[in-house]
Each structure stands twice: as C-alpha cells, then as structure tokens.
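J.: Pasting in a structure now, in structure tokens, and then I'll have a few things to ask.
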2 protein chains.
Amino acid sequence: MAVTIKDVAREARVSVASVSRALNGHSSMTERTRGHILGVAARLRYVPHAGARSLIMRRTHTIGALLPDLHGEFFSELIRGIDLAARARGLHLLVSSSHGDVGEAGAALRALQGRVDGLLVMWPNVDASFLRETLPETLPTVLMNTSVEKAAFSTLNLDNYGGALAMTRHLIGRGYRRIAMVCGPEGNFDASERLRGFHDAIARSQPRVEAQVVHGDFTEESGYRAGKQLLAGAKRPNAVFAANDMMAVGCMYALIESGVRVPDDIGLAGFDDIPISRYVNPPLTTVRVRIADLGRSALERLAMRLENPDAAQPLAETLGCEIVVRASCGVTADIHARHNDKTH
Amino acid sequence: MAVTIKDVAREARVSVASVSRALNGHSSMTERTRGHILGVAARLRYVPHAGARSLIMRRTHTIGALLPDLHGEFFSELIRGIDLAARARGLHLLVSSSHGDVGEAGAALRALQGRVDGLLVMWPNVDASFLRETLPETLPTVLMNTSVEKAAFSTLNLDNYGGALAMTRHLIGRGYRRIAMVCGPEGNFDASERLRGFHDAIARSQPRVEAQVVHGDFTEESGYRAGKQLLAGAKRPNAVFAANDMMAVGCMYALIESGVRVPDDIGLAGFDDIPISRYVNPPLTTVRVRIADLGRSALERLAMRLENPDAAQPLAETLGCEIVVRASCGVTADIHARHNDKTH
DNA sequence: TTCACCTATGAAAACGTTTACATTCCGGCC
DNA sequence: GGCCGGAATGTAAACGTTTTCATAGGTGAA
C-alpha cells in the first residue's frame, strides 16, 4: 500500500542501501546518484516508516510529556515552552494527561514507555512513592514540580517557597498586618511549599501571631468560597495571599461582591502570573513564574541527557520567581500600568 | 539492554508466540500459562516496543495534530478536547505547531506522516493550495477551520458566518446603529467569514450605510490600536464588534483609557468566549464557540474513519455558535452575573 | 487399540529500515 | 600489463513484534 524504501530502490534502479544512504546524507556517494534517488523519492512521495526506523536505530526522536492536565493557562504556557525547545532540537512531542490519578498516570506511563526516548513528568503530588515505583529506571526522565528524594531522578522545581516568602514579606512591608492565606489542595507539593514560605515569613516578623489559613484547591470556585469564608470570620484580614492566581481571582470577586474594596479595604496577591491576572480589575499583584521557561528548561535538560547519556547531570534545580506588583495590593496604578507591564 | 519479548519468553520457558498471545488476550491458551506469562512480564517490567509493533500491525495508535500554535486559551481548550476524545479511544496524541508558516507546516507534516495513523490539521489560512499539495492522500485526515474545496478532505468548521451575523443583528436589535468591526488578519479564513457575516447583517438592516471596518490581527495589541483608531475617527461608532475576544479586550482597554464608558458610551462584543472574556470589566458579550467540542468532534470523526476506512463519510460539517450576552453591550449586570454564567 | 479431531504451543516468515561487510569498478603505479 | 587501493554500490543480517502454519499432546469413539 504505502510506498516503501524498496519501491524507491526499484524505481531508481539502485539498492535499498543506496536509497537509505542518499536520504540520510551519507558521504561516499556520487552527487549524481544522490540527486537521482532524492528525485525519485520525492516523486513517489516516499516518507520513511518511523517504526521501522526506531526499531533498528533504537531512537524514536520523540519525547513524552505527562502532565496533570492540559487545560488552563498554566499548562498552555508549559506546553508551549516544551514544544518550542523540542522543535528546535528536532524532537516530537507526545502529550498525555494524568488528572492527578495514579491509575491513569500509570497507564499513560506504560503506554508512553515503548514509544519515546525520554520522559517529562509533572507530578505535583506530595506522595512521590508512585513515581519511584512506576517510572522506568532505564528511560531518561526529567521531573517537574515534584517532591522527590534527590537520589533517583533529575528534577526541575519552581522556587515556590522563596516566592511565597518574598510575597508575604512584601505584603508585610507594605504595612499589612493581618494577612490570611488561601492555600492550595492538600497533598500538593507546590501548595505546601507556598504555604511553608508564607508561614516562615509571618513567623519571622510576627512571631506570636498565628496567621489565618483557609483551604482551597487551586480552582477559582474555591477561591470564591475562601473569600466569603474570610469575610464571615471574626477577625477580618486586611490582606489575602492566594496560593495561585485562579483562586485570587475568585477571591477578588467574592470580596467585591460583598462591597469590599480591593485594595483599599483588603489587599490581594496571587501566584503564577497567568495572563488573566493582568486583566482583572484591579490587576493582580502576583509571583511571576516563567512557566514557558520551565517547560523549555526541562526539555533541554532531557535532550542534553539523550545526547550524551553518561555525562554527569545536575540532579535538582530550582527556577527563581519574581514579584510583580500591580494594583491589587496597594499600588495606585491607573489603567496605563497594564500596558507598561513589561511582560506585556 | 531493554527487555524484549524474547527475554520474557526465555524466562517463562515458552515461545515468543505464546507471550504475544498472552499479552494480547488471545483465546486458546490455558488460563494457567497466561497467568504465568503475565506474571513474568510484569516482574521483568516488560513493555512492548511500539515501533516493532507498528511495523507489523500497520497501526501506530497515534494521531498527529498540527495546529497553528499551542499558545493561548483557544488552543489550550482545543487540545484538551482532542486529548479527552483520544484517551477515551486509546489513541496517543502527537502535537505539532505550524505558526502559520508554510515551510514549518510542510516539515511537520512530513515528519508526522511516518508515525501516525491519522492527522488533525487546523490551517486557518485562506489559501488552501498548500494543503492540497502537501497533505498525503493516503493518510486519513480531518481539517478544522479550513477553507477547502469540498472535494478532497473531511472538514469541521465553526459557523463563523452565522455567529457574526447573529451577533451583529443582536447589536442592531439593541439599538446600536453605528457599529464598527475590528476584523482579523488578512488571509485568515475564520476572520474573513466573520467579516462577511458582519457585512451581510449590516447590509440587510442598513443597506445604504457603509460600515466602518478597522484592521486587526487577533492579538490584544492590535485590538488596542484599533480602539484608539476608532476613537480618533470622525464618526465615532456607538458599538464595536471585534472578530475575536483578545482584540475585544484590547479595544476595551483603549476605550476605558480614553475615558469612554463601556457599554454606556460604546458597546462592545467579541468572538470565541475564551475564559478571559468573563473576567474583564465589564464582562464581554461574545459568540460562544465550543472549542473543546470542536477538538473532540474532529478526533472522533477521525477515529471513526480509522475504524472503518471505507464507510461513507460526511465530508463537511459546521459547528454552531451561540451568543452570550454580558454587560459589555448593554445588559446591566452586576458582578453576580458572572457567577450565574452557565459556562462557569 | 487405533484413529480422528481438537486444543495448546512452537517455528518461522514478514514488516521497513540501517549498516557491516562484500563486491565491483576504476585509475595509477610499478 | 598486472596489481593495488580506494570509492561507489550491493547483499544480507538485525531490530522486536504478530501471525500463519505446523506440530505435539490429549480425549473420545469405534
């Protein structure tokens, strides 16, 4: 059915070996015959069978990305970064989503194993035993946002702790004293690190105060509920730090809906700097994470390991964050500020 | 190096044929030996080599998606829809982006061809000759948002024309009389269809008026510029219909920045209903496109064709749109409206 | 007991490549 | 002219599966 290398060989009146050599740019071949063969191949619209190729070369030129989800601005940015780096290196990208489910992730991992040269895995679950048990030892793997003992795998993390610490300090520095946090889902590594940063910052500046923390799960909805809950409480905070931007947005709507002015009555900050955070009103102060960079770096690390498998590898790396101050926590910025925002 | 079917066979003291049968759930095999083989395979952490498998079975169980970009809320939603349907059918997803560039798209298409069972291609360029020349005849393909003669390929389109027509009529129905359009990039199929819908609606209700159209390229930036341009013009419109939401948002900021009240002074509408449009202030009236559904439908169509290749196929299909009215064009909605929005 | 038949298993070919090795061809040197 | 060497090309094995066909082993009937 499909045209194979044999068809090209027959049509060009050469052996399959010559066709292979012509296509792969081997030397020791007349420029004349090469041109001829290439011409025939193009005429027949021949494309090599990747399976057969990977079988003998033991390389698929494909890497698999297993992410918690493919939905939302965070993952969109991440995939873009990965794709950019992959295409620069001539690698193909096989995407898969786990939805945080161990069973689904295991199945995806098994299915991926036989068809890729390496793996990019984001598994924000604190419990990393699943990874230890399931990840193939033999397949080069780079983990992202994953709490894992430094032993086994190469890991790339965000500086969740540092970002949260810096943001909390920033809020304290602006004069906010009763700061509440809307934390992320239980068992999520990023969430727990951000909470830890928050706690440490509070502990250092107000050792005797126990900061208020309400529960969320990274969705806007949960941020909305958290906002309502905070307003209903006895000691209303004068600033709220949400563990991600989506929750901050939800919280913002809860506050505004209740007639609370942001930032005049209550200041608000988020984490991630997803595009939306620039568009809400007031624009959201947040911790900028270079999401696309995270993806790019992870892929480049993986690609380097594929190229020279036995070079010594730095095992764990942390990508810095940076605070982006917008109107939601006290900067009086008019609408112009958004357009001057340097990420714009 | 990697453990193959032979290793399993040796270890289990059976032939490779039996291992293959055990793994693929063949009948005519003792439950006892099957269990034994499966046990050994699991113990050795055997995973089949997808390349070898695809070589003999002539199926890769992978489909390739070539999109203009992987960035932004639109594509994020689209990929999610595709992924959902793919995983439901046990298909893997190879993603690739063309950035609207013919060379890049051609390279991606060639690279994809040898490794997938089918292709999902979104190519919003009006000039479809590239596709005709490059797309492999032999590979099942479903096109999205593509202007192509009905002859060759299966196509899934949005009802861009109908959506724009309906939205323009809605604006007219609300009493807006001087409606301007911010159109999309030259040569983009979706953009030109939306413009056509706009023109037709205007022509039917105000035959003698020539509606004002300013140029944009689907980015927020261009929407901002378009907004400024409209304000600078002699005849200020009292409503603006942007060809997509990102431009509408940019336009909104331009208007607000100049002290124009939305919707009191100028009404505003967009197209796509990306998540951001609910978060801007005022929330944006727009044409809802079920983006994830588009991806899902496209993949399902492709999967069906893979399953029975010679069944008669409906060649072109159009997915309906629906108008979502929010505060930006005259509905006096308080902040609650957002949370009552049924897509929320 | 013998035969036939059915079921469980094994042997080997086939899939489309790449590449090590073998062969041919050609020119130059003695 | 014969020989050597290098360049161009061909031959065939190997990669890891699935599947067709063959074989062995067992069971039941005559």
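Chains: A, B, ... in order of the structure tokens. Residues: from 1 per chain. Ligands: from 1, in order shown.
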What are the closest atom pairs, with distances in Å to one decimal, for all residues of segment 14-83 of chain B lying within 12 Å of segment 295-305 of chain B? Consider only C-alpha atoms, order rows by chain and residue number, and present the result as JSON lines.

T.:
```
{"residue": "B:His61", "atom": "CA", "partner": "B:Ala303", "partner_atom": "CA", "distance": 9.9}
{"residue": "B:Thr62", "atom": "CA", "partner": "B:Ala303", "partner_atom": "CA", "distance": 10.3}
{"residue": "B:Ile63", "atom": "CA", "partner": "B:Leu299", "partner_atom": "CA", "distance": 8.7}
{"residue": "B:Gly64", "atom": "CA", "partner": "B:Leu299", "partner_atom": "CA", "distance": 10.1}
{"residue": "B:Ala65", "atom": "CA", "partner": "B:Leu299", "partner_atom": "CA", "distance": 9.4}
{"residue": "B:Leu66", "atom": "CA", "partner": "B:Gly295", "partner_atom": "CA", "distance": 11.9}
{"residue": "B:Leu67", "atom": "CA", "partner": "B:Gly295", "partner_atom": "CA", "distance": 11.0}
{"residue": "B:Phe74", "atom": "CA", "partner": "B:Gly295", "partner_atom": "CA", "distance": 10.7}
{"residue": "B:Phe75", "atom": "CA", "partner": "B:Gly295", "partner_atom": "CA", "distance": 9.4}
{"residue": "B:Ser76", "atom": "CA", "partner": "B:Gly295", "partner_atom": "CA", "distance": 10.4}
{"residue": "B:Glu77", "atom": "CA", "partner": "B:Gly295", "partner_atom": "CA", "distance": 8.2}
{"residue": "B:Leu78", "atom": "CA", "partner": "B:Gly295", "partner_atom": "CA", "distance": 5.1}
{"residue": "B:Ile79", "atom": "CA", "partner": "B:Gly295", "partner_atom": "CA", "distance": 6.7}
{"residue": "B:Arg80", "atom": "CA", "partner": "B:Gly295", "partner_atom": "CA", "distance": 7.6}
{"residue": "B:Gly81", "atom": "CA", "partner": "B:Arg296", "partner_atom": "CA", "distance": 4.7}
{"residue": "B:Ile82", "atom": "CA", "partner": "B:Gly295", "partner_atom": "CA", "distance": 4.6}
{"residue": "B:Asp83", "atom": "CA", "partner": "B:Arg296", "partner_atom": "CA", "distance": 7.7}
```

J.: Keeping only N, CA and C atoms, write those residues as a short mmCIF file (atom, residue, chain, number, x, y, z; two decimals), in the first residue's frame.

T.:
```
data_model
loop_
_atom_site.label_atom_id
_atom_site.label_comp_id
_atom_site.auth_asym_id
_atom_site.auth_seq_id
_atom_site.Cartn_x
_atom_site.Cartn_y
_atom_site.Cartn_z
N HIS B 61 -1.55 3.62 16.49
CA HIS B 61 -2.42 4.08 17.58
C HIS B 61 -2.04 5.48 18.03
N THR B 62 -1.56 6.23 17.11
CA THR B 62 -1.19 7.62 17.40
C THR B 62 -1.81 8.51 16.33
N ILE B 63 -2.30 9.65 16.75
CA ILE B 63 -2.74 10.59 15.74
C ILE B 63 -1.96 11.89 15.94
N GLY B 64 -1.72 12.56 14.84
CA GLY B 64 -0.95 13.78 14.88
C GLY B 64 -1.87 14.99 14.76
N ALA B 65 -1.57 16.01 15.56
CA ALA B 65 -2.35 17.24 15.48
C ALA B 65 -1.44 18.38 15.08
N LEU B 66 -1.73 18.96 13.96
CA LEU B 66 -0.95 20.10 13.51
C LEU B 66 -1.78 21.37 13.67
N LEU B 67 -1.38 22.20 14.61
CA LEU B 67 -2.13 23.41 14.92
C LEU B 67 -1.30 24.64 14.59
N PHE B 74 -7.42 29.60 23.43
CA PHE B 74 -8.13 28.89 22.37
C PHE B 74 -7.53 27.51 22.14
N PHE B 75 -6.23 27.47 21.95
CA PHE B 75 -5.60 26.19 21.63
C PHE B 75 -5.54 25.26 22.83
N SER B 76 -5.42 25.87 23.99
CA SER B 76 -5.45 25.08 25.21
C SER B 76 -6.75 24.29 25.29
N GLU B 77 -7.84 24.98 25.03
CA GLU B 77 -9.15 24.32 25.04
C GLU B 77 -9.24 23.26 23.95
N LEU B 78 -8.74 23.61 22.81
CA LEU B 78 -8.81 22.70 21.67
C LEU B 78 -8.05 21.41 21.96
N ILE B 79 -6.84 21.55 22.44
CA ILE B 79 -6.02 20.38 22.75
C ILE B 79 -6.69 19.53 23.81
N ARG B 80 -7.28 20.20 24.77
CA ARG B 80 -7.95 19.46 25.82
C ARG B 80 -9.07 18.60 25.25
N GLY B 81 -9.86 19.17 24.35
CA GLY B 81 -10.93 18.41 23.74
C GLY B 81 -10.40 17.23 22.94
N ILE B 82 -9.36 17.47 22.21
CA ILE B 82 -8.76 16.40 21.41
C ILE B 82 -8.22 15.30 22.32
N ASP B 83 -7.51 15.71 23.34
CA ASP B 83 -6.91 14.74 24.26
C ASP B 83 -7.97 13.88 24.93
#
```

J.: Neighbouring residues of DT19 of chain C were defined as those with any atom within 12 Å, considering only C-alpha atoms (C1' of nucleotides); residues of the same chain fewer than 6 positions away were excluded. Please report them as a PyMOL selection string.

T.: (chain A and resi 16-18+20-21+26+56-57) or (chain D and resi 11-15)

J.: Check which residues of chain D sit at most 12 Å from chain B using only C-alpha atoms (C1' of nucleotides), and return one row each with the closest pair of atoms and their distance in Å to one decimal, ordered by chain and rising number, as CSV.

T.:
```
residue,atom,partner,partner_atom,distance
D:DC15,C1',B:Ala52,CA,8.1
D:DG16,C1',B:Ala52,CA,5.1
D:DT17,C1',B:Ala52,CA,5.0
D:DT18,C1',B:Ile56,CA,6.5
D:DT19,C1',B:Ala17,CA,8.6
D:DT20,C1',B:Ala17,CA,11.4
```

J.: Residues of chain C were defined as contacting chain A if any atom lay at most 10 Å from it, counting only C-alpha atoms (C1' of nucleotides); please report them as a short mmCIF file (atom, residue, chain, number, x, y, z; two decimals) with C-alpha atoms (C1' of nucleotides), in the first residue's frame.

T.:
```
data_model
loop_
_atom_site.label_atom_id
_atom_site.label_comp_id
_atom_site.auth_asym_id
_atom_site.auth_seq_id
_atom_site.Cartn_x
_atom_site.Cartn_y
_atom_site.Cartn_z
"C1'" DC C 15 7.00 -5.88 8.39
"C1'" DG C 16 10.69 -1.46 6.62
"C1'" DT C 17 14.66 0.22 7.90
"C1'" DT C 18 20.13 0.73 8.73
"C1'" DT C 19 24.70 -0.81 8.44
#
```

J.: May I have a table of the residues of chain A lying at most 9 Å from chain B, giving each one's closest pair of atoms and their distance in Å to one decimal, counting only C-alpha atoms, ordered by chain and ascending residue number, as a tab-separated table?

T.:
```
residue	atom	partner	partner_atom	distance
A:Met1	CA	B:Thr138	CA	8.9
A:Ala2	CA	B:Thr138	CA	7.7
A:Arg45	CA	B:Pro136	CA	8.3
A:Val47	CA	B:Gly114	CA	6.0
A:Pro48	CA	B:Gly114	CA	5.9
A:His49	CA	B:Gly114	CA	4.8
A:Ala50	CA	B:Gly114	CA	5.2
A:Gly51	CA	B:Gly51	CA	3.8
A:Ala52	CA	B:Leu55	CA	5.8
A:Arg53	CA	B:Gly51	CA	7.8
A:Ser54	CA	B:Gly51	CA	6.0
A:Leu55	CA	B:Gly51	CA	5.7
A:Thr60	CA	B:Gly51	CA	8.2
A:Asp69	CA	B:Arg80	CA	8.3
A:Leu70	CA	B:Arg80	CA	5.6
A:His71	CA	B:Arg80	CA	5.9
A:Gly72	CA	B:Ser76	CA	6.4
A:Glu73	CA	B:Glu73	CA	6.4
A:Phe75	CA	B:Ser76	CA	7.8
A:Ser76	CA	B:Ser76	CA	5.4
A:Glu77	CA	B:His71	CA	6.4
A:Ile79	CA	B:Leu70	CA	7.1
A:Arg80	CA	B:Leu70	CA	5.6
A:Asp83	CA	B:Ser96	CA	7.6
A:Arg87	CA	B:Ser96	CA	8.4
A:His92	CA	B:Leu94	CA	7.2
A:Leu93	CA	B:Leu94	CA	5.7
A:Leu94	CA	B:Leu94	CA	4.6
A:Val95	CA	B:Leu93	CA	5.9
A:Ser96	CA	B:Leu93	CA	7.4
A:Ser97	CA	B:Asp83	CA	8.1
A:Arg110	CA	B:Val47	CA	7.0
A:Ala111	CA	B:Val47	CA	8.1
A:Leu112	CA	B:His92	CA	8.7
A:Gln113	CA	B:Val47	CA	7.0
A:Gly114	CA	B:His49	CA	4.8
A:Arg115	CA	B:Ala50	CA	5.3
A:Val116	CA	B:Ala50	CA	9.0
A:Pro136	CA	B:Arg45	CA	8.3
A:Thr138	CA	B:Ala2	CA	7.7
A:Val249	CA	B:Tyr279	CA	8.5
A:Tyr253	CA	B:Ile335	CA	7.6
A:Ile256	CA	B:Ile335	CA	8.1
A:Glu257	CA	B:Ile335	CA	6.4
A:Pro275	CA	B:Ile276	CA	8.7
A:Ile276	CA	B:Ile276	CA	6.2
A:Tyr279	CA	B:Val280	CA	5.9
A:Val280	CA	B:Val280	CA	5.5
A:Asn281	CA	B:Asn281	CA	6.6
A:Asp334	CA	B:Glu257	CA	8.6
A:Ile335	CA	B:Glu257	CA	6.3
A:His336	CA	B:Glu257	CA	7.3
```

J.: Write the selection just made, keeping C-alpha atoms, as a PDB file, in the first residue's frame?

T.:
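In the end it all went to result_3.pdb:
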```pdb
ATOM      1  CA  MET A   1       0.000   0.000   0.000  1.00  0.00           C
ATOM      2  CA  ALA A   2       2.257   2.718   1.283  1.00  0.00           C
ATOM      3  CA  ARG A  45       6.179  10.952  -2.059  1.00  0.00           C
ATOM      4  CA  VAL A  47       8.260   9.005   3.737  1.00  0.00           C
ATOM      5  CA  PRO A  48      10.225   6.616   5.920  1.00  0.00           C
ATOM      6  CA  HIS A  49       8.335   4.422   8.351  1.00  0.00           C
ATOM      7  CA  ALA A  50       9.211   5.774  11.762  1.00  0.00           C
ATOM      8  CA  GLY A  51       8.535   2.464  13.457  1.00  0.00           C
ATOM      9  CA  ALA A  52      10.958   0.533  11.322  1.00  0.00           C
ATOM     10  CA  ARG A  53      13.450   3.271  11.783  1.00  0.00           C
ATOM     11  CA  SER A  54      13.148   3.353  15.544  1.00  0.00           C
ATOM     12  CA  LEU A  55      13.369  -0.414  15.621  1.00  0.00           C
ATOM     13  CA  THR A  60      12.311   7.413  18.289  1.00  0.00           C
ATOM     14  CA  ASP A  69      -3.836  18.321  32.907  1.00  0.00           C
ATOM     15  CA  LEU A  70      -3.797  20.017  29.540  1.00  0.00           C
ATOM     16  CA  HIS A  71      -6.321  22.614  30.498  1.00  0.00           C
ATOM     17  CA  GLY A  72      -5.872  26.214  31.523  1.00  0.00           C
ATOM     18  CA  GLU A  73      -3.354  28.916  31.037  1.00  0.00           C
ATOM     19  CA  PHE A  75      -0.390  24.192  31.062  1.00  0.00           C
ATOM     20  CA  SER A  76      -0.877  26.037  27.848  1.00  0.00           C
ATOM     21  CA  GLU A  77       2.223  28.054  28.619  1.00  0.00           C
ATOM     22  CA  ILE A  79       3.375  23.027  26.621  1.00  0.00           C
ATOM     23  CA  ARG A  80       4.359  25.962  24.513  1.00  0.00           C
ATOM     24  CA  ASP A  83       7.210  22.475  22.157  1.00  0.00           C
ATOM     25  CA  ARG A  87      11.114  21.594  17.696  1.00  0.00           C
ATOM     26  CA  HIS A  92       8.489  15.194  18.564  1.00  0.00           C
ATOM     27  CA  LEU A  93       6.143  15.672  21.427  1.00  0.00           C
ATOM     28  CA  LEU A  94       3.714  13.080  22.710  1.00  0.00           C
ATOM     29  CA  VAL A  95       1.404  14.606  25.303  1.00  0.00           C
ATOM     30  CA  SER A  96      -0.605  12.848  27.928  1.00  0.00           C
ATOM     31  CA  SER A  97      -2.531  13.878  30.996  1.00  0.00           C
ATOM     32  CA  ARG A 110       3.378   2.376  30.494  1.00  0.00           C
ATOM     33  CA  ALA A 111       1.918   3.307  27.134  1.00  0.00           C
ATOM     34  CA  LEU A 112       4.471   6.047  26.709  1.00  0.00           C
ATOM     35  CA  GLN A 113       7.459   3.930  27.613  1.00  0.00           C
ATOM     36  CA  GLY A 114       7.594   1.884  24.482  1.00  0.00           C
ATOM     37  CA  ARG A 115       7.382   4.862  22.163  1.00  0.00           C
ATOM     38  CA  VAL A 116       9.621   7.619  23.442  1.00  0.00           C
ATOM     39  CA  PRO A 136      11.222   3.146  34.350  1.00  0.00           C
ATOM     40  CA  THR A 138      16.102   2.864  32.029  1.00  0.00           C
ATOM     41  CA  VAL A 249      -9.402  35.948  41.065  1.00  0.00           C
ATOM     42  CA  TYR A 253     -14.913  38.521  43.067  1.00  0.00           C
ATOM     43  CA  ILE A 256     -16.023  42.901  45.503  1.00  0.00           C
ATOM     44  CA  GLU A 257     -19.393  41.229  45.556  1.00  0.00           C
ATOM     45  CA  PRO A 275      -2.297  36.110  31.700  1.00  0.00           C
ATOM     46  CA  ILE A 276      -5.689  36.641  33.318  1.00  0.00           C
ATOM     47  CA  TYR A 279      -6.868  41.651  33.017  1.00  0.00           C
ATOM     48  CA  VAL A 280      -8.869  41.532  36.205  1.00  0.00           C
ATOM     49  CA  ASN A 281      -9.828  44.745  37.903  1.00  0.00           C
ATOM     50  CA  ASP A 334      -4.171  53.571  36.512  1.00  0.00           C
ATOM     51  CA  ILE A 335      -5.107  51.570  33.518  1.00  0.00           C
ATOM     52  CA  HIS A 336      -1.865  52.516  31.829  1.00  0.00           C
TER      53      HIS A 336
END
```

J.: Name the residues of segment 21-237 of chain A that fall into helix (DSSP H, G or I) according to DSSP on the backbone, using the chain letters and numbers of this document, as a ChimeraX atom specification.

T.: /A:21-23,31-43,50-57,73-88,102-113,129-134,160-173,189-205,220-232

J.: Point out the residue among C:DC6, C:DC25, C:DA14, C:DA20 with the least atom-to-atom distance to DT9 of chain D, counting only C-alpha atoms (C1' of nucleotides).

T.: C:DC25

J.: Identify, on the basis of only C-alpha atoms (C1' of nucleotides), every residue whose closest approach to DT7 of chain C does not exceed 10 Å; exclude the query and any residue fewer than 6 positions from it along the same chain; express the result as an NGL selection string.

T.: (:B and (28-30)) or (:D and (25-26))

J.: Taking N, CA and C atoms (P, O5', C5', C4', C3', O3' and C1' of nucleotides) for each residue, export the selection above as a PDB file, in the first residue's frame.

T.:
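Contents of the output file out_26.pdb:
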```pdb
ATOM      1  N   SER B  28      -7.729 -19.511  23.218  1.00  0.00           N
ATOM      2  CA  SER B  28      -6.950 -20.735  23.006  1.00  0.00           C
ATOM      3  C   SER B  28      -5.605 -20.632  23.696  1.00  0.00           C
ATOM      4  N   MET B  29      -5.690 -20.631  25.009  1.00  0.00           N
ATOM      5  CA  MET B  29      -4.478 -20.557  25.825  1.00  0.00           C
ATOM      6  C   MET B  29      -4.913 -20.845  27.258  1.00  0.00           C
ATOM      7  N   THR B  30      -4.246 -21.734  27.881  1.00  0.00           N
ATOM      8  CA  THR B  30      -4.620 -22.088  29.255  1.00  0.00           C
ATOM      9  C   THR B  30      -4.571 -20.865  30.158  1.00  0.00           C
TER      10      THR B  30
ATOM     11  P    DG D  25       4.597 -34.359  22.883  1.00  0.00           P
ATOM     12  O5'  DG D  25       3.358 -34.197  23.853  1.00  0.00           O
ATOM     13  C5'  DG D  25       2.797 -32.891  24.064  1.00  0.00           C
ATOM     14  C4'  DG D  25       1.312 -33.034  24.345  1.00  0.00           C
ATOM     15  C3'  DG D  25       0.915 -34.392  24.938  1.00  0.00           C
ATOM     16  O3'  DG D  25       0.168 -34.158  26.103  1.00  0.00           O
ATOM     17  C1'  DG D  25      -0.464 -33.859  23.094  1.00  0.00           C
ATOM     18  P    DG D  26      -0.118 -35.292  27.151  1.00  0.00           P
ATOM     19  O5'  DG D  26      -1.711 -35.325  27.124  1.00  0.00           O
ATOM     20  C5'  DG D  26      -2.435 -34.101  27.265  1.00  0.00           C
ATOM     21  C4'  DG D  26      -3.797 -34.254  26.613  1.00  0.00           C
ATOM     22  C3'  DG D  26      -4.610 -35.458  27.117  1.00  0.00           C
ATOM     23  O3'  DG D  26      -5.856 -34.983  27.592  1.00  0.00           O
ATOM     24  C1'  DG D  26      -4.633 -35.347  24.756  1.00  0.00           C
TER      25       DG D  26
END
```

J.: Quick one: everything within 12 Å of Ser222 of chain B, counting only C-alpha atoms (C1' of nucleotides), minus sequence neighbours fewer than 6 positions away in the same chain. Send it as a list in words.

T.: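 Using only C-alpha atoms (C1' of nucleotides), the neighbours found are Val182, Cys183, Gly184, Pro185, Val214, His215, Gly216, Lys228, Gln229, Ala242, Ala243, Asn244, Asp245, Met246, Met247, Ala248, Val249, Gly250, Cys251, Met252, Tyr253 and Ala254 of chain B.
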
J.: Among segment 198-306 of chain B, which ones does DSSP place in strand (DSSP E or B), written as a ChimeraX atom specification?

T.: /B:212-215,239-242,267-269,272,285-288

J.: Can those selected residues be exported to a file as a CSV table (one decimal), in the first residue's frame so that it contains C-alpha atoms?

T.:
```
chain,number,residue,atom,x,y,z
B,212,GLN,CA,-16.6,51.1,9.3
B,213,VAL,CA,-14.0,48.3,9.5
B,214,VAL,CA,-10.6,48.6,11.0
B,215,HIS,CA,-7.8,46.1,10.7
B,239,ALA,CA,-20.7,49.8,19.2
B,240,VAL,CA,-17.7,47.8,18.3
B,241,PHE,CA,-17.7,44.2,17.2
B,242,ALA,CA,-14.2,42.6,17.4
B,267,GLY,CA,-21.0,48.8,23.4
B,268,LEU,CA,-18.5,46.1,22.8
B,269,ALA,CA,-18.7,42.5,21.6
B,272,ASP,CA,-14.8,32.9,20.9
B,285,THR,CA,-20.6,39.9,25.3
B,286,THR,CA,-19.3,37.4,22.8
B,287,VAL,CA,-20.1,34.5,20.5
B,288,ARG,CA,-19.6,31.3,22.3
```

J.: I'd like the interatomic distance between atom CA of Ala327 of chain B and atom CA of Leu284 of chain B, to a tenth of an Å.

T.: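 Between atom CA of Ala327 of chain B and atom CA of Leu284 of chain B the gap works out to 6.3 Å.
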
J.: Skip Pro140 of chain A itself and residues of its chain fewer than 4 positions away, then list as a list in words all residues within 9 Å of it, counting only C-alpha atoms (C1' of nucleotides).

T.: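 The residues satisfying every condition are Asp117, Gly118, Leu119, Leu120, Pro136, Phe153, Ser154, Leu302, Arg305, Leu306 and Pro309 of chain A.
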
J.: Write to file, as a compact mmCIF listing (two decimals), in the first residue's frame, the residues of the selection just made, with N, CA and C atoms.

T.:
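Output file result36.txt follows:
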```
# COMPACT_ATOMS: atom_id res chain seq x y z
N ASP A 117 11.90 8.39 23.62
CA ASP A 117 13.29 8.32 24.05
C ASP A 117 13.47 8.84 25.46
N GLY A 118 12.54 9.66 25.89
CA GLY A 118 12.66 10.24 27.22
C GLY A 118 11.33 10.76 27.70
N LEU A 119 11.30 11.09 28.97
CA LEU A 119 10.04 11.43 29.60
C LEU A 119 10.15 12.74 30.37
N LEU A 120 9.10 13.53 30.24
CA LEU A 120 8.96 14.75 31.04
C LEU A 120 7.72 14.56 31.90
N PRO A 136 10.21 4.09 34.82
CA PRO A 136 11.22 3.15 34.35
C PRO A 136 12.62 3.68 34.66
N PHE A 153 16.08 10.82 40.33
CA PHE A 153 15.77 11.49 39.07
C PHE A 153 16.24 12.93 39.01
N SER A 154 16.35 13.39 37.81
CA SER A 154 16.65 14.78 37.55
C SER A 154 15.36 15.59 37.74
N LEU A 302 16.51 17.30 29.33
CA LEU A 302 16.27 15.95 28.85
C LEU A 302 17.03 15.69 27.55
N ARG A 305 20.64 15.12 28.06
CA ARG A 305 20.91 13.79 28.58
C ARG A 305 20.79 12.74 27.48
N LEU A 306 19.90 12.95 26.56
CA LEU A 306 19.76 11.99 25.47
C LEU A 306 20.99 12.02 24.58
N PRO A 309 24.48 10.40 27.22
CA PRO A 309 23.76 9.77 28.32
C PRO A 309 24.57 9.65 29.61
```

J.: What separation in Å, quoted to one decimal, exists between atom CA of Gly187 of chain B and atom CA of Asn125 of chain B?

T.: 5.8 Å

J.: Taking 4 positions as the minimum chain separation for residues in the same chain, which residues sit within 12 Å of segment 188-190 of chain A when counting only C-alpha atoms (C1' of nucleotides)? Answer as a ChimeraX atom specification.

T.: /A:68,100,122-128,144-148,157-164,183-184,194-197,216-218,243-244,271-272

J.: Rounded to one decimal in Å, what is the spacing between atom CA of Thr318 of chain A and atom CA of Leu156 of chain A?

T.: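 Computing the Euclidean distance for atom CA of Thr318 of chain A and atom CA of Leu156 of chain A yields 5.8 Å.
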
J.: List as a PDB file with C-alpha atoms (C1' of nucleotides), in the first residue's frame the protein and nucleic acid residues near DC29 of chain C, meaning an atom at most 12 Å away when only C-alpha atoms (C1' of nucleotides) are counted, but skip any in the same chain fewer than 3 places from it.

T.:
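The new file result_23.pdb reads:
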```pdb
ATOM      1  C1'  DG D   1      50.064  -5.340 -18.349  1.00  0.00           C
ATOM      2  C1'  DG D   2      49.337  -6.725 -13.742  1.00  0.00           C
ATOM      3  C1'  DC D   3      48.485  -5.282  -9.255  1.00  0.00           C
ATOM      4  C1'  DC D   4      46.928  -2.355  -5.533  1.00  0.00           C
ATOM      5  C1'  DG D   5      43.846   0.710  -3.350  1.00  0.00           C
TER       6       DG D   5
END
```
